[in-house]
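Chemist: Let me give you the structure first, and then I'll get to my questions.
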Amino acid sequence: MTPLRAIGWPYEGPPDDPKWRELMAMHPQAQLARVIEQHRSGYVMADTPDTSFKAESLPDWQRPRFPAQDRAAVGDWVLVEGVPGEERRIVALLPRHSAIKRGAAGEHYKQQVIAANIDTVFVVCGLDADFNPRRIERYLLLVRSGGSEPVVVLTKADKAVAENPDAVADAIAGLAELEAQDIAVRAVNAKDHDSVSVLHAWLQAGRTAVLVGSSGAGKSTLTNTLLGSDRMKTADVRESDSRGRHTTTHRALIPLPSGACLIDTPGMRELKPTGEEDLGEGGFADIEALAGNCKFNDCAHEREPGCAVRAAIEAGKLDRDRYGNYLKLRDEVAGAADKLATRLAQKSEARVIGKALNKRLDDKYGRH
Ligand SMILES: Nc1nc2c(ncn2[C@@H]2O[C@H](COP(=O)(O)OP(=O)(O)OP(=O)(O)O)[C@@H](O)[C@H]2O)c(=O)[nH]1
Ligand SMILES: [Mg+2]
Ligand SMILES: [Zn+2]
């Protein structure tokens, strides 16, 4: 069990989860491993910090209509069968204790798991033209719904402070609402070992953290500094708008010297809610509380008298742009939740139809 601890295995012995025990009993020959890389063609697993191997996915997962969130993602614990050195395959995905998910692009409702079984999500944002509080709020909404702790990491503090210290102070002050909600905000120079040590509190042995943020924010730079070697490729951002070049192309879990695991991810262009988010728990508790003080229960915060939300905006207690973002995200979550509900209804309908069909066949042919 010990080598597994170094790749984030959080338990002393087998976990106290009936579903885990059931799956392990079903596959007594199988071995525990963690997904450390996910490629189009398959997975790379590890069962110690120094041994990795490829494994084929379950045939079921390869069906095009199989729900993406039920396939393994980086950070997942899986059961693997087969002889080391020969072909190995995944036989089961073990239940997750947390995950960060997003709605996948495309016409049909789909979820995508960015990383699984994580304790901390570092939401990385550069203190250059990448800085965008509205995007940070969007990330926090998705992270907080997934059961892990978000930490906002503002990179390039070295450059930004040298260029305009007041702007940096303003940027950080603009995130005060997050600190008030116990979301930690740290400004760092991702290239500097001492500077990134403020993140060690979330990187103790046995813990897993994932880095998310736009391309060029400094996720791989942070990974290399925390690891103490240049494992991940990094590249300069475009001078004109601080945009990165999508240097990292797949997600990878990297064991750190501290015994923690860090997952580096490619920069994401789009971050859509899945519909399972809760705005109150997702960083907008203050706005939801304000709305509770409006005179009318169904206040739309537009022209109604006695509107506590508008009063707060006018008194300068609530940032207008943050409120605008809240409305936008609320609509997106509601839209995604509708799609999700329709899909679940279709699924249960399909199950009912399937059962009825089976019964008809049984009656007709005496199948059992
Ligand atoms: N001065 C300074 N430069 C930084 C800092 N963080 C990142 N950079 C630079 O920003 C550029 C982009 O960093 P990367 O680490 O490649 O960014 P990334 O988030 O991994 O980007 P993708 O892999 O494309 O998603 C590199 O040139 C880094 O050297 C920092 O804190 N200070
Ligand atoms: Mg990168
Ligand atoms: Zn109102």
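Identifiers in the structure tokens: chain A, B, ... in order shown; residue index from 1 per chain; ligand index from 1 in order shown.
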Could you tell me, counting only C-alpha atoms and all ligand atoms, which protein and nucleic acid residues lie no more than 6 Å from ligand 3, written as number ranges by chain?

Modeler: A: 291, 294, 299-301, 307-309

Chemist: Just list as a PyMOL selection string whatever in region 178-367 of chain A DSSP marks as alpha helix (DSSP H).

Modeler: chain A and resi 178-180+193-196+219-227+285-291+308-314+320-365

Chemist: Using only C-alpha atoms and all ligand atoms, find each residue in chain A having at least one atom no more than 6 Å away from ligand 2; report its shortest atom-to-atom pair and that distance in Å (one decimal), rows by chain then rising number, as CSV.

Modeler:
residue,atom,partner,partner_atom_place_in_ligand_line,distance
A:Lys219,CA,ligand 2,1 (Mg),5.3
A:Ser220,CA,ligand 2,1 (Mg),4.1
A:Thr234,CA,ligand 2,1 (Mg),5.7
A:Thr247,CA,ligand 2,1 (Mg),5.3
A:Thr248,CA,ligand 2,1 (Mg),4.1
A:Pro266,CA,ligand 2,1 (Mg),5.7

Chemist: Among region 1-189 of chain A, which ones does DSSP place in strand (DSSP E), written as a PyMOL selection string?

Modeler: chain A and resi 31-38+43-48+51-55+77-81+89-93+99-103+111-116+120-126+149-155+184-187

Chemist: Which is closer to Lys191 (chain A) than all the others in A:Gly280, A:Gly228, A:Pro84, A:Gly316, using only C-alpha atoms?

Modeler: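 Residue with the minimum atom-to-atom distance to Lys191 (chain A): A:Gly228.
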